[in-house]
$ cat work06.tsv   # TSV, C-alpha atoms
chain	number	residue	atom	x	y	z
A	6	MET	CA	127.11	26.73	107.69
A	7	THR	CA	128.80	24.20	109.97
A	8	GLU	CA	131.83	22.19	108.89
A	9	THR	CA	129.70	19.09	108.35
A	10	SER	CA	127.58	18.69	105.24
A	11	LYS	CA	124.40	18.96	107.29
A	12	THR	CA	122.62	22.15	108.31
A	13	ARG	CA	122.58	22.41	112.10
A	14	VAL	CA	119.09	23.21	113.42
A	15	ALA	CA	118.38	24.06	117.06
A	16	LEU	CA	114.78	23.21	117.95
A	17	LEU	CA	113.46	25.35	120.80
A	18	PHE	CA	110.36	24.02	122.54
A	19	GLY	CA	108.49	23.96	125.84
A	20	GLY	CA	108.61	27.44	127.26
A	21	ARG	CA	107.03	29.46	130.02
A	22	SER	CA	103.49	29.82	128.66
A	23	SER	CA	100.36	27.81	129.38
A	24	GLU	CA	100.94	26.14	126.00
A	25	HIS	CA	104.09	24.36	127.19
A	26	ALA	CA	102.76	20.87	126.48
A	27	VAL	CA	101.47	21.85	123.04
A	28	SER	CA	104.94	23.13	122.15
A	29	CYS	CA	106.47	19.80	123.22
A	30	VAL	CA	104.02	17.93	120.99
A	31	THR	CA	104.89	20.20	118.09
A	32	ALA	CA	108.59	19.46	118.65
A	33	ALA	CA	107.83	15.73	118.62
A	34	GLY	CA	106.25	16.06	115.20
A	35	VAL	CA	109.18	17.97	113.74
A	36	MET	CA	111.81	15.67	115.30
A	37	GLY	CA	110.07	12.64	113.87
A	38	ALA	CA	109.78	14.03	110.35
A	39	ILE	CA	112.80	16.25	109.66
A	40	ASP	CA	115.18	14.86	107.05
A	41	PRO	CA	118.11	13.31	109.01
A	42	ASP	CA	120.29	13.20	105.90
A	43	LYS	CA	120.00	16.94	105.46
A	44	TYR	CA	119.72	18.33	108.98
A	45	GLU	CA	121.47	17.79	112.31
A	46	VAL	CA	118.96	18.52	115.06
A	47	VAL	CA	119.93	19.94	118.46
A	48	PRO	CA	116.82	19.79	120.70
A	49	VAL	CA	116.78	22.52	123.34
A	50	GLY	CA	113.91	22.42	125.81
A	51	ILE	CA	112.82	25.43	127.85
A	52	THR	CA	111.33	24.69	131.27
A	53	ARG	CA	108.28	26.46	132.64
A	54	ALA	CA	110.69	28.50	134.78
A	55	GLY	CA	112.65	29.57	131.70
A	56	GLN	CA	115.77	27.38	131.96
A	57	TRP	CA	117.22	26.18	128.64
A	58	VAL	CA	118.32	22.54	128.77
A	59	LEU	CA	119.73	20.06	126.28
A	60	SER	CA	116.91	17.60	125.67
A	61	GLN	CA	116.49	14.09	124.36
A	62	SER	CA	116.10	13.71	120.61
A	63	ASP	CA	113.72	10.73	120.90
A	64	TRP	CA	110.52	12.34	119.67
A	65	HIS	CA	108.35	9.70	121.36
A	66	GLN	CA	109.17	11.29	124.72
A	67	TRP	CA	107.34	14.46	123.72
A	68	ALA	CA	104.15	12.90	122.32
A	69	LEU	CA	100.90	14.03	123.93
A	70	ASP	CA	98.98	11.69	126.20
A	71	ALA	CA	95.80	12.94	127.85
A	72	GLY	CA	96.96	11.59	131.22
A	73	THR	CA	100.61	12.65	131.12
A	74	PRO	CA	101.22	15.80	129.09
A	75	PRO	CA	104.91	16.16	128.21
A	76	GLU	CA	107.03	18.66	130.10
A	77	VAL	CA	110.63	19.85	129.93
A	78	GLU	CA	112.34	19.11	133.25
A	79	ALA	CA	114.96	21.29	134.93
A	80	SER	CA	118.62	20.30	134.76
A	81	GLY	CA	121.90	21.14	136.46
A	82	ALA	CA	123.28	22.07	133.04
A	83	THR	CA	121.98	25.24	131.40
A	84	VAL	CA	122.19	25.90	127.67
A	85	ARG	CA	122.64	29.42	126.36
A	86	LEU	CA	122.99	30.93	122.93
A	87	ALA	CA	126.08	33.05	122.40
A	88	GLU	CA	127.31	35.11	119.46
A	89	ASN	CA	131.03	34.91	118.78
A	90	ASP	CA	132.88	36.26	115.73
A	91	GLY	CA	129.68	36.40	113.70
A	92	ALA	CA	128.61	32.82	114.53
A	93	ALA	CA	125.86	31.68	116.89
A	94	ARG	CA	126.96	28.95	119.27
A	95	LEU	CA	125.30	26.86	121.93
A	96	VAL	CA	127.17	26.79	125.22
A	97	VAL	CA	126.46	24.51	128.21
A	98	SER	CA	127.20	25.80	131.71
A	99	GLU	CA	127.25	23.68	134.88
A	100	PRO	CA	128.14	24.74	138.45
A	101	GLY	CA	131.85	24.29	139.11
A	102	GLN	CA	132.57	23.32	135.50
A	103	VAL	CA	134.22	25.15	132.61
A	104	PRO	CA	131.51	26.05	130.06
A	105	ARG	CA	131.61	23.75	127.04
A	106	GLU	CA	130.54	24.59	123.52
A	107	LEU	CA	128.12	22.45	121.53
A	108	GLY	CA	129.16	24.09	118.29
A	109	ASP	CA	127.71	26.57	115.83
A	110	VAL	CA	124.04	26.76	114.93
A	111	ASP	CA	122.97	27.54	111.38
A	112	VAL	CA	119.31	28.20	112.12
A	113	VAL	CA	116.93	28.12	115.07
A	114	PHE	CA	113.43	26.66	114.75
A	115	PRO	CA	111.43	28.19	117.65
A	116	LEU	CA	108.57	25.73	118.11
A	117	LEU	CA	107.13	27.82	120.93
A	118	HIS	CA	103.52	28.81	121.45
A	119	GLY	CA	102.12	31.60	123.56
A	120	ALA	CA	103.85	34.17	125.74
A	121	PHE	CA	107.66	34.26	125.89
A	122	GLY	CA	107.95	32.34	122.64
A	123	GLU	CA	105.45	33.34	119.99
A	124	ASP	CA	105.08	36.97	121.05
A	125	GLY	CA	108.35	38.47	119.82
A	126	THR	CA	110.40	37.96	122.98
A	127	ILE	CA	112.40	34.94	121.81
A	128	GLN	CA	112.63	36.50	118.37
A	129	GLY	CA	114.28	39.56	119.91
A	130	LEU	CA	116.81	37.35	121.67
A	131	LEU	CA	117.63	35.58	118.41
A	132	GLU	CA	118.00	38.92	116.65
A	133	LEU	CA	120.48	40.04	119.32
A	134	ALA	CA	122.43	36.80	118.81
A	135	ASP	CA	122.49	37.52	115.05
A	136	VAL	CA	121.16	34.06	114.24
A	137	ARG	CA	118.69	33.12	111.53
A	138	TYR	CA	115.42	31.60	112.67
A	139	VAL	CA	112.19	30.17	111.29
A	140	GLY	CA	109.03	32.25	111.34
A	141	ALA	CA	107.90	35.79	111.97
A	142	GLY	CA	110.13	38.55	113.32
A	143	VAL	CA	109.74	40.63	116.47
A	144	LEU	CA	106.99	43.00	115.31
A	145	ALA	CA	104.85	40.45	113.47
A	146	SER	CA	105.12	38.00	116.34
A	147	ALA	CA	104.08	40.62	118.89
A	148	VAL	CA	101.17	41.92	116.81
A	149	GLY	CA	100.06	38.41	115.89
A	150	MET	CA	100.03	37.43	119.57
A	151	ASP	CA	98.04	40.45	120.75
A	152	LYS	CA	94.41	40.06	119.72
A	153	HIS	CA	93.69	43.78	120.11
A	154	PHE	CA	96.53	45.15	117.98
A	155	MET	CA	96.05	42.31	115.51
A	156	LYS	CA	92.51	43.55	114.89
A	157	VAL	CA	93.75	47.12	114.53
A	158	ALA	CA	96.23	46.02	111.84
A	159	PHE	CA	93.58	43.97	110.04
A	160	ALA	CA	91.06	46.81	110.02
A	161	ALA	CA	93.73	49.18	108.65
A	162	ALA	CA	94.33	46.70	105.81
A	163	GLY	CA	90.65	46.69	104.92
A	164	LEU	CA	89.78	43.28	106.35
A	165	ALA	CA	86.38	42.74	107.96
A	166	VAL	CA	86.71	42.50	111.76
A	167	GLY	CA	83.85	41.51	114.08
A	168	PRO	CA	82.60	43.68	116.99
A	169	TYR	CA	84.75	43.47	120.12
A	170	THR	CA	85.94	45.34	123.19
A	171	THR	CA	89.34	45.28	124.86
A	172	VAL	CA	89.57	45.14	128.65
A	173	THR	CA	92.76	46.18	130.45
A	174	ASP	CA	93.64	45.22	133.99
A	175	LYS	CA	93.10	48.79	135.22
A	176	GLN	CA	89.71	49.02	133.51
A	177	TRP	CA	88.45	45.85	135.18
A	178	ARG	CA	89.76	46.81	138.63
A	179	ARG	CA	88.58	50.43	138.38
A	180	ASP	CA	85.18	50.02	136.70
A	181	PRO	CA	83.94	46.44	136.34
A	182	GLN	CA	80.39	47.62	135.76
A	183	GLY	CA	81.56	49.73	132.83
A	184	VAL	CA	83.07	46.59	131.31
A	185	ARG	CA	79.82	44.70	131.84
A	186	ASP	CA	77.91	47.52	130.16
A	187	ALA	CA	80.27	47.46	127.17
A	188	VAL	CA	79.71	43.72	126.80
A	189	ASP	CA	75.94	44.23	127.02
A	190	ARG	CA	76.22	46.56	124.04
A	191	LEU	CA	77.99	43.83	122.07
A	192	GLY	CA	75.12	41.46	122.77
A	193	TYR	CA	75.26	37.86	123.92
A	194	PRO	CA	76.67	35.31	123.32
A	195	VAL	CA	80.26	36.55	123.52
A	196	PHE	CA	83.69	34.95	123.67
A	197	VAL	CA	86.00	36.06	126.48
A	198	LYS	CA	89.66	35.58	125.56
A	199	PRO	CA	93.08	36.31	127.04
A	200	CYS	CA	94.58	38.96	124.79
A	201	ARG	CA	97.94	37.19	124.44
A	202	ALA	CA	97.33	33.44	124.53
A	203	GLY	CA	96.54	30.82	121.93
A	204	SER	CA	95.31	27.24	121.49
A	205	SER	CA	91.96	28.31	123.01
A	206	VAL	CA	93.59	28.43	126.47
A	207	GLY	CA	91.47	30.44	128.90
A	208	ILE	CA	88.70	31.09	126.36
A	209	SER	CA	85.05	30.85	127.40
A	210	LYS	CA	81.80	31.18	125.49
A	211	VAL	CA	79.35	33.22	127.57
A	212	ASP	CA	75.64	33.04	126.82
A	213	ARG	CA	74.29	34.99	129.82
A	214	PRO	CA	75.37	38.17	131.64
A	215	GLU	CA	75.46	36.34	134.97
A	216	ASP	CA	78.27	34.10	133.67
A	217	LEU	CA	80.49	36.94	132.47
A	218	ASP	CA	82.48	37.58	135.65
A	219	ALA	CA	83.52	33.93	135.97
A	220	ALA	CA	84.70	33.88	132.36
A	221	ILE	CA	86.69	37.07	132.91
A	222	ALA	CA	88.30	35.55	135.99
A	223	GLU	CA	89.29	32.46	134.02
A	224	ALA	CA	90.79	34.50	131.17
A	225	ARG	CA	92.67	36.72	133.65
A	226	ARG	CA	94.48	33.67	134.99
A	227	HIS	CA	96.34	33.65	131.65
A	228	ASP	CA	96.54	37.36	130.79
A	229	LEU	CA	95.44	40.53	132.58
A	230	ARG	CA	94.47	42.06	129.21
A	231	LEU	CA	91.40	40.57	127.55
A	232	VAL	CA	89.38	40.85	124.39
A	233	ILE	CA	85.67	40.14	124.46
A	234	GLU	CA	84.16	39.42	121.06
A	235	ALA	CA	80.60	39.25	119.85
A	236	ALA	CA	79.85	35.77	118.53
A	237	ILE	CA	79.88	35.59	114.72
A	238	VAL	CA	77.41	33.26	113.05
A	239	GLY	CA	79.40	31.44	110.41
A	240	ARG	CA	81.53	28.48	109.44
A	241	GLU	CA	85.13	28.35	110.69
A	242	ILE	CA	87.45	28.51	107.68
A	243	GLU	CA	91.24	28.43	107.93
A	244	CYS	CA	93.98	29.06	105.39
A	245	GLY	CA	97.70	28.41	105.59
A	246	VAL	CA	100.18	31.02	104.38
A	247	LEU	CA	103.80	30.36	103.45
A	248	GLU	CA	106.24	33.17	102.70
A	249	GLY	CA	107.27	33.49	99.07
A	250	ARG	CA	110.87	33.02	98.02
A	251	GLY	CA	112.80	36.19	97.31
A	252	CYS	CA	110.40	38.95	96.28
A	253	ASP	CA	107.55	36.53	95.49
A	254	ALA	CA	104.13	37.06	97.03
A	255	PRO	CA	102.99	34.87	99.95
A	256	ARG	CA	101.76	31.42	99.00
A	257	THR	CA	98.44	30.15	100.31
A	258	SER	CA	97.06	26.68	100.89
A	259	LEU	CA	93.64	25.40	100.01
A	260	PRO	CA	91.29	26.51	102.81
A	261	GLY	CA	90.09	24.04	105.40
A	262	GLU	CA	86.98	23.96	107.54
A	263	ILE	CA	86.88	23.05	111.21
A	264	VAL	CA	83.82	21.03	112.20
A	265	VAL	CA	83.30	20.57	115.95
A	266	GLN	CA	81.39	17.34	116.50
A	267	GLY	CA	79.43	18.67	119.46
A	268	GLY	CA	78.99	16.77	122.68
A	269	ALA	CA	80.89	18.59	125.43
A	270	HIS	CA	82.35	21.11	122.97
A	271	THR	CA	80.43	24.20	121.86
A	272	PHE	CA	83.49	25.66	120.12
A	273	TYR	CA	86.99	24.62	119.05
A	274	ASP	CA	88.56	24.52	122.53
A	275	PHE	CA	91.86	23.06	123.78
A	276	ALA	CA	90.56	19.53	124.31
A	277	ALA	CA	88.94	19.43	120.88
A	278	LYS	CA	92.23	20.54	119.32
A	279	TYR	CA	94.75	18.35	121.11
A	280	VAL	CA	93.25	15.72	123.41
A	281	GLU	CA	90.09	14.18	122.01
A	282	ASN	CA	90.78	12.81	118.54
A	283	ASP	CA	87.11	12.60	117.53
A	284	ALA	CA	85.98	16.00	118.90
A	285	ALA	CA	86.68	17.94	115.70
A	286	SER	CA	87.55	17.29	112.09
A	287	LEU	CA	89.15	19.20	109.23
A	288	SER	CA	87.61	19.24	105.79
A	289	CYS	CA	90.12	20.36	103.15
A	290	PRO	CA	89.46	21.80	100.73
A	291	ALA	CA	86.49	23.38	102.43
A	292	ASP	CA	83.16	23.00	100.68
A	293	LEU	CA	83.04	26.51	99.28
A	294	PRO	CA	82.24	27.98	95.86
A	295	PRO	CA	85.39	28.34	93.72
A	296	GLU	CA	85.20	32.12	93.90
A	297	ALA	CA	84.99	32.00	97.70
A	298	ILE	CA	88.08	29.76	97.83
A	299	GLU	CA	90.05	32.26	95.77
A	300	GLN	CA	88.72	35.13	97.87
A	301	VAL	CA	89.73	33.63	101.22
A	302	ARG	CA	93.19	32.75	99.92
A	303	GLY	CA	93.66	36.36	98.87
A	304	LEU	CA	92.40	37.63	102.23
A	305	ALA	CA	94.80	35.31	104.07
A	306	ALA	CA	97.73	36.71	102.09
A	307	THR	CA	96.53	40.24	102.90
A	308	ALA	CA	96.44	39.40	106.60
A	309	PHE	CA	99.96	37.93	106.40
A	310	ASP	CA	101.28	41.14	104.88
A	311	ALA	CA	99.20	43.35	107.24
A	312	VAL	CA	101.30	42.24	110.23
A	313	SER	CA	104.56	41.93	108.21
A	314	ALA	CA	104.68	38.18	108.82
A	315	GLU	CA	107.50	35.93	107.62
A	316	GLY	CA	107.84	32.18	107.28
A	317	LEU	CA	104.44	30.75	108.13
A	318	SER	CA	101.04	31.69	109.47
A	319	ARG	CA	97.58	30.24	109.74
A	320	VAL	CA	94.74	32.72	109.22
A	321	ASP	CA	91.28	31.96	110.62
A	322	PHE	CA	88.00	33.34	109.28
A	323	PHE	CA	84.27	33.07	109.79
A	324	TYR	CA	82.26	32.54	106.60
A	325	THR	CA	78.85	34.05	107.23
A	326	PRO	CA	75.53	32.92	105.69
A	327	GLU	CA	75.65	36.12	103.63
A	328	GLY	CA	78.88	34.96	101.98
A	329	GLU	CA	81.20	37.38	103.82
A	330	PHE	CA	84.54	36.46	105.33
A	331	VAL	CA	85.14	37.99	108.77
A	332	ILE	CA	88.71	37.53	110.00
A	333	ASN	CA	89.16	35.99	113.44
A	334	GLU	CA	92.93	35.87	113.94
A	335	ILE	CA	96.37	35.10	112.57
A	336	ASN	CA	98.64	32.57	114.24
A	337	THR	CA	102.32	33.15	113.41
A	338	MET	CA	103.40	29.84	114.95
A	339	PRO	CA	100.43	27.54	114.45
A	340	GLY	CA	100.17	24.01	115.76
A	341	PHE	CA	102.68	22.05	113.74
A	342	THR	CA	102.23	18.36	114.49
A	343	PRO	CA	101.69	16.11	111.44
A	344	ILE	CA	97.92	16.20	112.08
A	345	SER	CA	97.66	19.89	112.93
A	346	MET	CA	95.54	22.08	110.69
A	347	TYR	CA	98.38	24.04	109.12
A	348	PRO	CA	100.41	21.04	107.85
A	349	ALA	CA	97.20	19.21	106.93
A	350	MET	CA	96.08	22.07	104.68
A	351	TRP	CA	99.46	22.19	102.97
A	352	ALA	CA	99.42	18.42	102.53
A	353	ALA	CA	96.05	18.77	100.77
A	354	THR	CA	97.60	21.49	98.60
A	355	GLY	CA	100.48	19.20	97.58
A	356	LEU	CA	103.26	20.05	100.05
A	357	GLY	CA	103.97	17.21	102.51
A	358	TYR	CA	105.02	17.58	106.13
A	359	ARG	CA	108.73	16.86	105.65
A	360	GLU	CA	108.84	19.10	102.57
A	361	LEU	CA	107.09	21.86	104.52
A	362	ILE	CA	109.69	21.67	107.30
A	363	ASP	CA	112.44	21.84	104.71
A	364	GLU	CA	110.89	24.84	102.98
A	365	LEU	CA	110.57	26.78	106.24
A	366	ILE	CA	114.20	26.14	107.14
A	367	GLN	CA	115.35	27.17	103.68
A	368	LEU	CA	113.31	30.39	103.91
A	369	ALA	CA	115.00	31.16	107.23
A	370	LEU	CA	118.47	30.49	105.80
A	371	GLU	CA	117.77	32.85	102.88
A	372	ARG	CA	116.68	35.65	105.20
A	373	PRO	CA	119.33	38.24	106.10
A	374	THR	CA	119.96	38.99	109.76
A	375	GLY	CA	119.39	42.44	111.19
A	376	LEU	CA	116.84	45.02	110.03
A	377	ARG	CA	115.01	44.08	106.84

$ encode --input "work06.tsv" --output "structure tokens"
Amino acid sequence: MTETSKTRVALLFGGRSSEHAVSCVTAAGVMGAIDPDKYEVVPVGITRAGQWVLSQSDWHQWALDAGTPPEVEASGATVRLAENDGAARLVVSEPGQVPRELGDVDVVFPLLHGAFGEDGTIQGLLELADVRYVGAGVLASAVGMDKHFMKVAFAAAGLAVGPYTTVTDKQWRRDPQGVRDAVDRLGYPVFVKPCRAGSSVGISKVDRPEDLDAAIAEARRHDLRLVIEAAIVGREIECGVLEGRGCDAPRTSLPGEIVVQGGAHTFYDFAAKYVENDAASLSCPADLPPEAIEQVRGLAATAFDAVSAEGLSRVDFFYTPEGEFVINEINTMPGFTPISMYPAMWAATGLGYRELIDELIQLALERPTGLR
């Protein structure tokens, strides 16, 4: 703990992935809601090129506007995280200047989405610096980011997983027709997805074989490994998971249902999530039988444990007309603005946004560093 009475929290946001702007919006939400009497916030933005810079703490700067998405700009001063005598410190380096310290950091809140932030890479850096941080560790972050290995972990835990095929870069370059044949066996429509991206970036719904190659090309702009999934007929049900204190089991929120209003959106894509306010809505609690609500909450906790998650996760399911829950994915760093699905579900369950931020930080502070 720092010498002041406040806990010092470094917010990391921006990053090198295609979800840079989403991360900035998430940071805006946290900056605007975190308890200033309890926490001292040090905002550290990461540019698209990977430079760490000391950023402005005015959260309005990072709010999303459809015309001008927020972006972390490069600076002549670079921030780095250094471990010294068992304490994690932020250090600013400028050309021709003696590096200056910004002081110790009690906990890091990595509000990063996508590659190089949500996939275990930043978590590994924080582990090396011996600093506590909010959210999942290296393994859970990596598995939760990779849609193929995520499905493998879910199936091993006994969760229902829909039909899919994984396409590597070598497979597509060596035998594209073999990939097309595998997709034909899945049956159309299918969803073509980058294996390691989120927020519906690069995802296409494909209804006809003649549109497959274009969808693969779009997904490959974000990741050279892809998953192609058979469409599941069902309602989109989500559930928030929050790590239990001590040895307690994971806590789960009331489930919510995503309803896409139609128009230009045939599924819950990026614009429906973040840009167009009336493109989708969340109903929480979802209109499900009581036994189905209890079932999906239990399945969400199982998914959380299946990837060894910590801190927080949002788990997404399809609820089929036959009354079966088929798991879609887990998101170990879900959208976290005040109106995002994860905080909204917890608010409906009785835990407000500021209280949720506080609980996540406290969970991180309780967690030991090193192997656990």

$ residues_around --input "work06.tsv" --residues "Val14 (chain A)" --least-positions-apart "3" --cutoff "8 Å" --atoms "all atoms listed in the file" --output "list in words"
Tyr44, Glu45, Val46, Val47, Val110, Asp111, Val112, Val113 and Phe114 of chain A

$ atom_distance --input "work06.tsv" --atom1 "CA of Val264 (chain A)" --atom2 "CA of Ser286 (chain A)"
5.3 Å

$ closest_residue --input "work06.tsv" --among "A:Asp253, A:Arg213, A:Ala145, A:Glu234" --to "Tyr169 (chain A)" --atoms "all atoms listed in the file"
A:Glu234

$ residues_around --input "work06.tsv" --residues "region 137-139 of chain A" --least-positions-apart "6" --cutoff "10 Å" --atoms "only C-alpha atoms" --output "ChimeraX atom specification"
/A:14-16,93,110-116,128,131,315-317,338,362,364-375

$ residues_around --input "work06.tsv" --residues "Ser80 (chain A)" --least-positions-apart "4" --cutoff "9 Å" --atoms "all atoms listed in the file" --output "list in words"
Gln56, Trp57, Val58 and Leu59 of chain A

$ closest_residue --input "work06.tsv" --among "A:Thr337, A:Thr83, A:Asp218, A:Ala308" --to "Pro181 (chain A)" --atoms "all atoms listed in the file"
A:Asp218

$ closest_residue --input "work06.tsv" --among "A:Arg201, A:Lys43, A:Arg302, A:His25" --to "Cys244 (chain A)" --atoms "only C-alpha atoms"
A:Arg302
